[in-house]
Amino acid sequence: MANHKSLITAADLRSHENNLGHHTREIDRKRLIVRRGQAFSITLQFSDSLPPEHHLELVLHLGKRDEVVIKVQKERGTGDKWWFNQQGAQAEMLLTLHSPADAIIGHYQLSMLVMSPDGRILEENHKISFHLLFNPWCKDDVVYLPDESLLQEYVMNEHGIIYMGAWDYIGSIPWNYGQFEDYVMDICFEVLDNSNDALNNSEMDMERRFDPVYVSRIITAMVNANGDKGVLAGRWQEPYSDGVAPNRWTGSVPILQQWSKAGARAVKYGQCWVFAAVACTVLRCLGIPTRLITNFSSAHDVDGNLSYDVLLDEKLQTFNGEGRRDSSWNFHCWVESWMKREDLPKGNDGWQVLDPTPQELSDGEFCCGPCPVKAIKEGNLAVKYDAPFVFAEVNADIIHWIVHPDGQRQKIKVDQSTVGRNISTKSVYGNHREDVTGEYKYPEGSNKEREVYEKAGRPVTEPTNGTAEPVQLQMTIKHAKPVFGTDFDVIVEVKNDGVKDAHAQLTMLALAVTYNSLHRGECQRKAITITVPAHQAHREVLRLRYDDYVRCVSEQHLIRVKALLEAPGANEPIMAVTNIPLSMPELLVQLKGKAVVYEQSTAYISFTNPLPVPLRGGVFTVEGAGLLSATEVLVDDNIAPGQKVSVKLSFKPIRTGVRKLVVDFDSDRLKDVKGAATVVVHKRYNGSWDYIGNF
């Protein structure tokens, strides 16, 4: 038998049937990609029937240096082992492989050994390889999600909506996750291979990749580039000239591709929603159900006291005397992934918070989570990972202080209800917002909420202005929904519920801020003495002109208005604060005719310049999973005030189904204008239509 000809002559991986049955056909139709805990079959061709007493053995190899080697058992074992069975007829054999529901995910090489009756290897074939992913359709997998509509959204949907703005004025942008675009899966495994854990001990890392708790935690560390070879560098203020401004991105795929092509060098730049969106792409691609979450009025509590102190000087400017790092963000994005937590006590399964934005070190890495949402709601802060930090993001007190020139602090406002509002995600049932605040916290003011605070060690104090004397003066700030580029009014209303006229000093201040509360400059200030008659209200108008705010406004187009009311004889001043996001004009994206796979389609994109100044250097960026990779269309001429600009773009869709075209417009004075259009891509029809009657 020494010089025998090859027995195994060909193998059919049956990728078409296998990938369809394993919900991976969108990733690739040629390569074999399967999910754990679910059988798959391959067909072998032999030059001749296997001689009697000869048999096949299968061995799996995992990792670049064979870090894991698994012998596949011949018959069903205890349920936690790989096994195979075979059916043969003459020169053809059908092999069915069964993976355990907790198998390691990764790129496997399959060795097939033809063995003689006395145990010698007569032939060894290494030509078969396949990828194995998590399986949320398998009830024995810890990422199992028993609802098909949720699986279609949280694993299969390549398009999303990210909510941003302010809690009382919620905006959104479209996002192209693109987790099934060409070679994105390969880049996701590359991300895992470049983690500190993998580079320090590749064997131990590979052996732990069966566990979504481990894998998801690695991903939160690797999406940011702090302290490792991660994907994105963060930057929270201009200049962004040596990279891409965070607001310009419209999808995850160009970011992952750029990182991979540069040899695992960080892509510039990301902010919280970009980090979260890239993490969502990687987690969905690997098979872990994931959704992007926006928490409005999000606290960043560094010192762990569950409160965030805002120090102001007497001009209401932020006081920088102590270099404090606590902060309050207008909104903050993270992701939730669905999994059982077998490493924790009962009651912690389900959605887990994972936050890839680099904020604080966790076990020496810039990562956060997975932390059970249920543990946050119940105030169980000893649960791993990072529960105290996440709890503070949705529950911290905000305490405003005025620091006087002599260093004395005066507490002017305690706010226990602002942080963690309108926690939002895209609905499973369409392009609208689902509020998930109730999954993070009990109703405000309820006994249960108080119990949770006590368990978590957060003090429950009475808000200021709650003195024995009834409050005579009340103050609110009102505004319309202004559009960036226009002049607008902010109205401060002071109400007097007392029986005497009230005299007070009113200070109003409008500042440009970023979404994470970095101050960019003062736009407008007004200080006057007012008289408010008994049982009446006084309205004071602060006019904000485009010329005033355009000088210092951040790329998030956010204005913060503060008002301070000081009345002689009152115990303490009254303060009101509001954030006003300036809305952006809309891009109109339209498609003419019916989109058919591999046939040319044309998109028409238009928008009108809302600013009182011309725009220079206009550029549209267009992308869409299954439609086209990120493409730029330049606008040659300046766009005058009020002028409409239109461009057309032709492309050939490469995948059928419901797709989304996402567009961004950028110029010198107006950036990050977004638009999107849904595209239904049809299969090619090769038959002939029978027309009946007139249509």
# chains A, B, ... in the order shown; residues from 1 in each chain; ligands from 1
call {"tool": "residues_around", "arguments": {"residues": "A:Leu145", "least_positions_apart": "6", "cutoff": "7 Å", "atoms": "only C-alpha atoms", "output": "list of chain:residue names"}}
result
A:Pro136, A:Trp137, A:Leu151
call {"tool": "write_last_selection", "arguments": {"atoms": "C-alpha atoms", "output": "PDB file, in the first residue's frame"}}
result
ATOM      1  CA  PRO A 136     -28.345  32.308  18.538  1.00  0.00           C
ATOM      2  CA  TRP A 137     -30.810  29.946  16.774  1.00  0.00           C
ATOM      3  CA  LEU A 151     -32.880  37.607  15.479  1.00  0.00           C
TER       4      LEU A 151
END
call {"tool": "residues_around", "arguments": {"residues": "A:Ala375", "least_positions_apart": "2", "cutoff": "9 Å", "atoms": "only C-alpha atoms", "output": "list in words"}}
result
Gly347, Asn348, Cys371, Pro372, Val373, Lys377, Glu378, Gly379, Asn380, Leu381, Ala382, Val383, Ala387, Phe391 and Tyr440 of chain A
call {"tool": "write_last_selection", "arguments": {"atoms": "N, CA and C atoms", "output": "CSV table (one decimal), in the first residue's frame"}}
result
chain,number,residue,atom,x,y,z
A,347,GLY,N,-30.4,35.1,37.6
A,347,GLY,CA,-31.0,36.4,37.5
A,347,GLY,C,-30.3,37.4,36.7
A,348,ASN,N,-29.1,37.0,36.1
A,348,ASN,CA,-28.3,38.0,35.4
A,348,ASN,C,-28.2,37.7,33.9
A,371,CYS,N,-22.0,43.8,31.4
A,371,CYS,CA,-22.6,44.0,32.7
A,371,CYS,C,-24.1,43.8,32.5
A,372,PRO,N,-24.7,42.9,33.3
A,372,PRO,CA,-26.1,42.6,33.1
A,372,PRO,C,-27.0,43.8,33.4
A,373,VAL,N,-27.9,44.1,32.4
A,373,VAL,CA,-28.8,45.3,32.6
A,373,VAL,C,-29.7,45.0,33.9
A,377,LYS,N,-30.6,47.5,37.1
A,377,LYS,CA,-31.9,47.9,37.6
A,377,LYS,C,-32.1,47.6,39.1
A,378,GLU,N,-31.5,46.5,39.6
A,378,GLU,CA,-31.6,46.0,40.9
A,378,GLU,C,-30.6,46.6,41.9
A,379,GLY,N,-29.6,47.4,41.3
A,379,GLY,CA,-28.6,48.0,42.2
A,379,GLY,C,-27.6,47.0,42.7
A,380,ASN,N,-27.4,45.8,42.0
A,380,ASN,CA,-26.4,44.8,42.4
A,380,ASN,C,-25.0,45.1,41.9
A,381,LEU,N,-24.3,46.0,42.6
A,381,LEU,CA,-23.1,46.6,42.0
A,381,LEU,C,-21.9,45.7,42.2
A,382,ALA,N,-22.0,44.6,42.9
A,382,ALA,CA,-20.8,43.7,43.0
A,382,ALA,C,-20.7,42.7,41.8
A,383,VAL,N,-21.7,42.8,40.9
A,383,VAL,CA,-21.7,41.8,39.8
A,383,VAL,C,-20.7,42.3,38.7
A,387,ALA,N,-20.1,47.2,37.0
A,387,ALA,CA,-21.5,47.6,37.3
A,387,ALA,C,-21.5,49.0,38.0
A,391,PHE,N,-23.9,51.8,36.5
A,391,PHE,CA,-25.0,52.3,37.3
A,391,PHE,C,-25.0,53.9,37.4
A,440,TYR,N,-33.6,49.6,32.8
A,440,TYR,CA,-32.5,50.0,33.5
A,440,TYR,C,-32.8,50.6,34.9
call {"tool": "residues_around", "arguments": {"residues": "A:Leu511", "least_positions_apart": "2", "cutoff": "6 Å", "atoms": "only C-alpha atoms", "output": "list in words"}}
result
Gly521, Glu522, Cys523, Ile559 and Arg560 of chain A
call {"tool": "select_by_dssp", "arguments": {"residues": "stretch 579-679 of chain A", "states": "strand (DSSP E or B)", "output": "compact mmCIF listing (two decimals) with C-alpha atoms, in the first residue's frame"}}
result
# COMPACT_ATOMS: atom_id res chain seq x y z
CA ASN A 579 -29.35 72.10 25.96
CA ILE A 580 -30.52 73.20 22.52
CA PRO A 581 -29.41 71.03 19.58
CA SER A 583 -31.24 70.78 13.74
CA LEU A 588 -33.19 64.02 -0.09
CA VAL A 589 -32.19 60.61 -1.52
CA GLN A 590 -34.36 59.12 -4.28
CA LEU A 591 -34.11 56.12 -6.60
CA ALA A 595 -33.49 48.01 -8.48
CA VAL A 596 -32.36 44.61 -9.82
CA SER A 601 -29.46 51.68 -10.64
CA THR A 602 -29.28 55.46 -10.25
CA ALA A 603 -29.67 57.47 -7.05
CA TYR A 604 -30.50 61.19 -7.09
CA ILE A 605 -29.27 63.14 -4.06
CA SER A 606 -30.18 66.76 -3.36
CA PHE A 607 -30.14 69.34 -0.61
CA THR A 608 -30.57 73.11 -0.16
CA LEU A 615 -20.54 76.53 0.96
CA VAL A 619 -18.62 66.33 -1.02
CA PHE A 620 -21.28 63.60 -0.76
CA THR A 621 -20.23 60.19 0.66
CA VAL A 622 -22.55 57.29 -0.23
CA GLU A 623 -22.49 53.68 1.00
CA GLY A 624 -24.86 50.76 1.54
CA LEU A 628 -21.96 49.77 -3.02
CA SER A 629 -18.84 50.44 -0.95
CA ALA A 630 -18.18 53.97 0.34
CA THR A 631 -18.00 56.32 -2.66
CA GLU A 632 -17.37 60.08 -2.79
CA VAL A 633 -19.11 62.49 -5.20
CA LEU A 634 -17.54 65.98 -5.34
CA ILE A 639 -23.24 76.43 -3.22
CA LYS A 644 -30.31 73.60 -4.23
CA VAL A 645 -27.58 71.20 -5.33
CA SER A 646 -28.31 67.83 -6.98
CA VAL A 647 -26.01 64.96 -7.90
CA LYS A 648 -26.66 61.55 -9.41
CA LEU A 649 -24.81 58.33 -8.72
CA SER A 650 -25.00 55.02 -10.60
CA PHE A 651 -24.25 51.67 -8.95
CA GLY A 657 -33.40 42.09 -0.37
CA VAL A 658 -34.25 45.26 1.52
CA ARG A 659 -31.17 47.49 1.56
CA LYS A 660 -30.37 51.02 2.71
CA LEU A 661 -28.40 53.73 0.92
CA VAL A 662 -26.78 56.08 3.47
CA VAL A 663 -25.48 59.53 2.45
CA ASP A 664 -23.36 62.19 4.22
CA PHE A 665 -22.70 65.75 2.96
CA ASP A 666 -19.67 67.75 4.07
CA VAL A 673 -25.73 66.42 6.90
CA LYS A 674 -27.22 62.91 6.66
CA GLY A 675 -29.83 61.20 4.52
CA ALA A 676 -30.94 57.67 3.65
CA ALA A 677 -33.21 55.78 1.27
CA THR A 678 -34.55 52.23 1.43
CA VAL A 679 -33.83 50.18 -1.71
call {"tool": "atom_distance", "arguments": {"atom1": "atom CA of A:Asp435", "atom2": "atom CA of A:Leu587"}}
result
26.4 Å
call {"tool": "residues_around", "arguments": {"residues": "A:Glu53", "least_positions_apart": "6", "cutoff": "10 Å", "atoms": "only C-alpha atoms", "output": "number ranges by chain"}}
result
A: 115-118
call {"tool": "write_last_selection", "arguments": {"atoms": "N, CA, C and O atoms", "output": "PDB file, in the first residue's frame"}}
result
ATOM      1  N   MET A 115      -7.346   5.415   7.589  1.00  0.00           N
ATOM      2  CA  MET A 115      -6.597   4.556   8.518  1.00  0.00           C
ATOM      3  C   MET A 115      -6.703   3.083   8.105  1.00  0.00           C
ATOM      4  O   MET A 115      -7.774   2.617   7.700  1.00  0.00           O
ATOM      5  N   SER A 116      -5.577   2.365   8.271  1.00  0.00           N
ATOM      6  CA  SER A 116      -5.575   0.924   7.984  1.00  0.00           C
ATOM      7  C   SER A 116      -6.115   0.175   9.206  1.00  0.00           C
ATOM      8  O   SER A 116      -6.206   0.754  10.293  1.00  0.00           O
ATOM      9  N   PRO A 117      -6.459  -1.116   9.029  1.00  0.00           N
ATOM     10  CA  PRO A 117      -6.993  -1.877  10.186  1.00  0.00           C
ATOM     11  C   PRO A 117      -6.030  -1.895  11.372  1.00  0.00           C
ATOM     12  O   PRO A 117      -6.456  -1.942  12.519  1.00  0.00           O
ATOM     13  N   ASP A 118      -4.688  -1.814  11.099  1.00  0.00           N
ATOM     14  CA  ASP A 118      -3.747  -1.864  12.225  1.00  0.00           C
ATOM     15  C   ASP A 118      -3.354  -0.473  12.729  1.00  0.00           C
ATOM     16  O   ASP A 118      -2.352  -0.313  13.433  1.00  0.00           O
TER      17      ASP A 118
END
call {"tool": "residues_around", "arguments": {"residues": "A:Val215", "least_positions_apart": "2", "cutoff": "10 Å", "atoms": "only C-alpha atoms", "output": "ChimeraX atom specification"}}
result
/A:105,192,205,208-213,217-220,283,286,288,370
call {"tool": "write_last_selection", "arguments": {"atoms": "N, CA and C atoms", "output": "mmCIF file, in the first residue's frame"}}
result
data_model
loop_
_atom_site.group_PDB
_atom_site.id
_atom_site.type_symbol
_atom_site.label_atom_id
_atom_site.label_comp_id
_atom_site.auth_asym_id
_atom_site.auth_seq_id
_atom_site.Cartn_x
_atom_site.Cartn_y
_atom_site.Cartn_z
ATOM 1 N N ILE A 105 -15.314 29.404 18.606
ATOM 2 C CA ILE A 105 -15.554 30.010 17.286
ATOM 3 C C ILE A 105 -14.209 30.275 16.620
ATOM 4 N N LEU A 192 -9.906 39.960 16.926
ATOM 5 C CA LEU A 192 -9.659 39.072 18.075
ATOM 6 C C LEU A 192 -8.186 38.657 18.136
ATOM 7 N N ASP A 205 -5.927 32.171 24.825
ATOM 8 C CA ASP A 205 -6.948 33.018 24.195
ATOM 9 C C ASP A 205 -7.864 32.181 23.298
ATOM 10 N N ARG A 208 -10.396 30.074 25.066
ATOM 11 C CA ARG A 208 -11.477 30.814 25.732
ATOM 12 C C ARG A 208 -12.501 31.387 24.754
ATOM 13 N N ARG A 209 -12.266 31.205 23.462
ATOM 14 C CA ARG A 209 -13.164 31.821 22.472
ATOM 15 C C ARG A 209 -14.491 31.075 22.302
ATOM 16 N N PHE A 210 -14.756 30.117 23.174
ATOM 17 C CA PHE A 210 -16.087 29.490 23.188
ATOM 18 C C PHE A 210 -17.075 30.371 23.952
ATOM 19 N N ASP A 211 -16.542 31.336 24.717
ATOM 20 C CA ASP A 211 -17.329 32.059 25.724
ATOM 21 C C ASP A 211 -17.649 33.481 25.244
ATOM 22 N N PRO A 212 -18.933 33.795 25.017
ATOM 23 C CA PRO A 212 -19.260 35.146 24.545
ATOM 24 C C PRO A 212 -18.966 36.243 25.571
ATOM 25 N N VAL A 213 -18.909 35.882 26.858
ATOM 26 C CA VAL A 213 -18.525 36.870 27.877
ATOM 27 C C VAL A 213 -17.088 37.316 27.615
ATOM 28 N N ARG A 217 -16.014 40.984 25.754
ATOM 29 C CA ARG A 217 -15.152 41.876 26.550
ATOM 30 C C ARG A 217 -13.888 42.252 25.767
ATOM 31 N N ILE A 218 -13.318 41.263 25.071
ATOM 32 C CA ILE A 218 -12.151 41.538 24.207
ATOM 33 C C ILE A 218 -12.523 42.577 23.144
ATOM 34 N N ILE A 219 -13.732 42.439 22.576
ATOM 35 C CA ILE A 219 -14.150 43.365 21.515
ATOM 36 C C ILE A 219 -14.293 44.788 22.048
ATOM 37 N N THR A 220 -14.811 44.951 23.284
ATOM 38 C CA THR A 220 -14.930 46.321 23.811
ATOM 39 C C THR A 220 -13.549 46.943 24.007
ATOM 40 N N LEU A 283 -19.894 42.212 16.717
ATOM 41 C CA LEU A 283 -20.650 41.256 17.535
ATOM 42 C C LEU A 283 -21.745 40.570 16.719
ATOM 43 N N LEU A 286 -20.202 37.958 14.360
ATOM 44 C CA LEU A 286 -19.773 36.715 15.010
ATOM 45 C C LEU A 286 -20.953 35.901 15.540
ATOM 46 N N ILE A 288 -23.465 37.107 17.866
ATOM 47 C CA ILE A 288 -23.998 37.485 19.191
ATOM 48 C C ILE A 288 -25.066 38.567 18.983
ATOM 49 N N PRO A 370 -18.939 42.676 29.842
ATOM 50 C CA PRO A 370 -20.404 42.754 29.858
ATOM 51 C C PRO A 370 -20.967 42.870 31.283
#
call {"tool": "select_by_dssp", "arguments": {"residues": "stretch 155-254 of chain A", "states": "alpha helix (DSSP H)", "output": "PyMOL selection string"}}
result
chain A and resi 184-193+196-200+202-207+212-223+253-254
call {"tool": "write_last_selection", "arguments": {"atoms": "N, CA, C and O atoms", "output": "tab-separated table (two decimals), in the first residue's frame"}}
result
chain	number	residue	atom	x	y	z
A	184	VAL	N	-15.65	41.13	5.85
A	184	VAL	CA	-15.81	41.75	7.17
A	184	VAL	C	-15.63	40.69	8.27
A	184	VAL	O	-14.99	40.94	9.29
A	185	MET	N	-16.16	39.48	8.05
A	185	MET	CA	-16.00	38.41	9.03
A	185	MET	C	-14.51	38.13	9.28
A	185	MET	O	-14.09	37.95	10.44
A	186	ASP	N	-13.72	38.11	8.21
A	186	ASP	CA	-12.28	37.84	8.37
A	186	ASP	C	-11.63	38.94	9.22
A	186	ASP	O	-10.76	38.66	10.06
A	187	ILE	N	-12.07	40.19	9.01
A	187	ILE	CA	-11.50	41.30	9.79
A	187	ILE	C	-11.92	41.17	11.26
A	187	ILE	O	-11.14	41.47	12.17
A	188	CYS	N	-13.14	40.69	11.51
A	188	CYS	CA	-13.59	40.50	12.90
A	188	CYS	C	-12.70	39.50	13.63
A	188	CYS	O	-12.33	39.72	14.80
A	189	PHE	N	-12.31	38.42	12.96
A	189	PHE	CA	-11.39	37.46	13.59
A	189	PHE	C	-9.98	38.06	13.73
A	189	PHE	O	-9.27	37.78	14.70
A	190	GLU	N	-9.62	38.93	12.77
A	190	GLU	CA	-8.34	39.64	12.86
A	190	GLU	C	-8.32	40.55	14.11
A	190	GLU	O	-7.30	40.68	14.78
A	191	VAL	N	-9.47	41.16	14.40
A	191	VAL	CA	-9.59	42.00	15.60
A	191	VAL	C	-9.30	41.16	16.85
A	191	VAL	O	-8.53	41.56	17.72
A	192	LEU	N	-9.91	39.96	16.93
A	192	LEU	CA	-9.66	39.07	18.07
A	192	LEU	C	-8.19	38.66	18.14
A	192	LEU	O	-7.59	38.61	19.21
A	193	ASP	N	-7.59	38.38	16.97
A	193	ASP	CA	-6.20	37.90	16.93
A	193	ASP	C	-5.19	38.96	17.36
A	193	ASP	O	-4.05	38.63	17.71
A	196	ASN	N	-4.49	42.08	23.17
A	196	ASN	CA	-3.35	41.83	24.07
A	196	ASN	C	-3.36	40.39	24.57
A	196	ASN	O	-2.31	39.75	24.67
A	197	ASP	N	-4.56	39.86	24.88
A	197	ASP	CA	-4.65	38.47	25.36
A	197	ASP	C	-4.13	37.49	24.31
A	197	ASP	O	-3.39	36.55	24.64
A	198	ALA	N	-4.53	37.70	23.05
A	198	ALA	CA	-4.11	36.78	21.98
A	198	ALA	C	-2.61	36.89	21.73
A	198	ALA	O	-1.94	35.88	21.51
A	199	LEU	N	-2.07	38.10	21.78
A	199	LEU	CA	-0.64	38.29	21.49
A	199	LEU	C	0.22	37.78	22.65
A	199	LEU	O	1.33	37.31	22.44
A	200	ASN	N	-0.31	37.85	23.87
A	200	ASN	CA	0.46	37.40	25.04
A	200	ASN	C	0.43	35.88	25.20
A	200	ASN	O	1.42	35.27	25.61
A	202	SER	N	-1.52	33.01	22.90
A	202	SER	CA	-2.50	32.70	21.85
A	202	SER	C	-3.25	31.40	22.15
A	202	SER	O	-4.43	31.26	21.81
A	203	GLU	N	-2.60	30.46	22.83
A	203	GLU	CA	-3.26	29.18	23.12
A	203	GLU	C	-4.40	29.38	24.13
A	203	GLU	O	-5.52	28.91	23.92
A	204	MET	N	-4.11	30.11	25.22
A	204	MET	CA	-5.14	30.34	26.23
A	204	MET	C	-6.28	31.18	25.65
A	204	MET	O	-7.46	30.91	25.91
A	205	ASP	N	-5.93	32.17	24.83
A	205	ASP	CA	-6.95	33.02	24.20
A	205	ASP	C	-7.86	32.18	23.30
A	205	ASP	O	-9.09	32.28	23.37
A	206	MET	N	-7.26	31.33	22.48
A	206	MET	CA	-8.05	30.50	21.55
A	206	MET	C	-8.99	29.57	22.33
A	206	MET	O	-10.15	29.41	21.97
A	207	GLU	N	-8.49	28.99	23.41
A	207	GLU	CA	-9.31	28.06	24.19
A	207	GLU	C	-10.50	28.75	24.87
A	207	GLU	O	-11.49	28.11	25.19
A	212	PRO	N	-18.93	33.80	25.02
A	212	PRO	CA	-19.26	35.15	24.55
A	212	PRO	C	-18.97	36.24	25.57
A	212	PRO	O	-18.78	37.40	25.20
A	213	VAL	N	-18.91	35.88	26.86
A	213	VAL	CA	-18.53	36.87	27.88
A	213	VAL	C	-17.09	37.32	27.61
A	213	VAL	O	-16.78	38.51	27.58
A	214	TYR	N	-16.21	36.35	27.38
A	214	TYR	CA	-14.80	36.64	27.09
A	214	TYR	C	-14.65	37.37	25.75
A	214	TYR	O	-14.00	38.42	25.66
A	215	VAL	N	-15.29	36.84	24.71
A	215	VAL	CA	-15.15	37.41	23.36
A	215	VAL	C	-15.68	38.85	23.32
A	215	VAL	O	-15.04	39.75	22.77
A	216	SER	N	-16.85	39.09	23.92
A	216	SER	CA	-17.44	40.43	23.86
A	216	SER	C	-16.60	41.43	24.65
A	216	SER	O	-16.46	42.59	24.26
A	217	ARG	N	-16.01	40.98	25.75
A	217	ARG	CA	-15.15	41.88	26.55
A	217	ARG	C	-13.89	42.25	25.77
A	217	ARG	O	-13.46	43.41	25.78
A	218	ILE	N	-13.32	41.26	25.07
A	218	ILE	CA	-12.15	41.54	24.21
A	218	ILE	C	-12.52	42.58	23.14
A	218	ILE	O	-11.76	43.50	22.85
A	219	ILE	N	-13.73	42.44	22.58
A	219	ILE	CA	-14.15	43.37	21.52
A	219	ILE	C	-14.29	44.79	22.05
A	219	ILE	O	-13.89	45.75	21.39
A	220	THR	N	-14.81	44.95	23.28
A	220	THR	CA	-14.93	46.32	23.81
A	220	THR	C	-13.55	46.94	24.01
A	220	THR	O	-13.39	48.16	23.88
A	221	ALA	N	-12.54	46.11	24.32
A	221	ALA	CA	-11.18	46.63	24.45
A	221	ALA	C	-10.57	46.95	23.09
A	221	ALA	O	-9.84	47.93	22.93
A	222	MET	N	-10.88	46.13	22.08
A	222	MET	CA	-10.21	46.23	20.78
A	222	MET	C	-10.85	47.25	19.83
A	222	MET	O	-10.22	47.66	18.85
A	223	VAL	N	-12.08	47.65	20.07
A	223	VAL	CA	-12.69	48.65	19.18
A	223	VAL	C	-12.02	50.01	19.40
A	223	VAL	O	-11.88	50.80	18.48
A	253	VAL	N	-17.97	49.60	7.90
A	253	VAL	CA	-17.13	48.80	6.99
A	253	VAL	C	-15.86	49.54	6.57
A	253	VAL	O	-14.75	48.99	6.67
A	254	PRO	N	-15.93	50.82	6.13
A	254	PRO	CA	-14.69	51.52	5.76
A	254	PRO	C	-13.70	51.61	6.92
A	254	PRO	O	-12.48	51.55	6.71
call {"tool": "residues_around", "arguments": {"residues": "A:Glu158", "least_positions_apart": "5", "cutoff": "10 Å", "atoms": "only C-alpha atoms", "output": "NGL selection string"}}
result
:A and (152-153 or 175-181 or 251 or 280-281 or 284-285 or 624-626 or 658-660)
call {"tool": "closest_residue", "arguments": {"among": "A:Cys368, A:Leu544, A:Ile654, A:Met164", "to": "A:Asn422", "atoms": "only C-alpha atoms"}}
result
A:Met164
call {"tool": "closest_residue", "arguments": {"among": "A:Lys481, A:Arg433, A:Arg520, A:Arg551", "to": "A:Ile161", "atoms": "only C-alpha atoms"}}
result
A:Arg433
call {"tool": "closest_residue", "arguments": {"among": "A:Ala537, A:Cys367, A:Met93, A:Ala570", "to": "A:Asn226", "atoms": "only C-alpha atoms"}}
result
A:Cys367
call {"tool": "residues_around", "arguments": {"residues": "A:Trp167", "least_positions_apart": "2", "cutoff": "8 Å", "atoms": "only C-alpha atoms", "output": "number ranges by chain"}}
result
A: 165, 169-170, 296-297, 330-331, 421-422
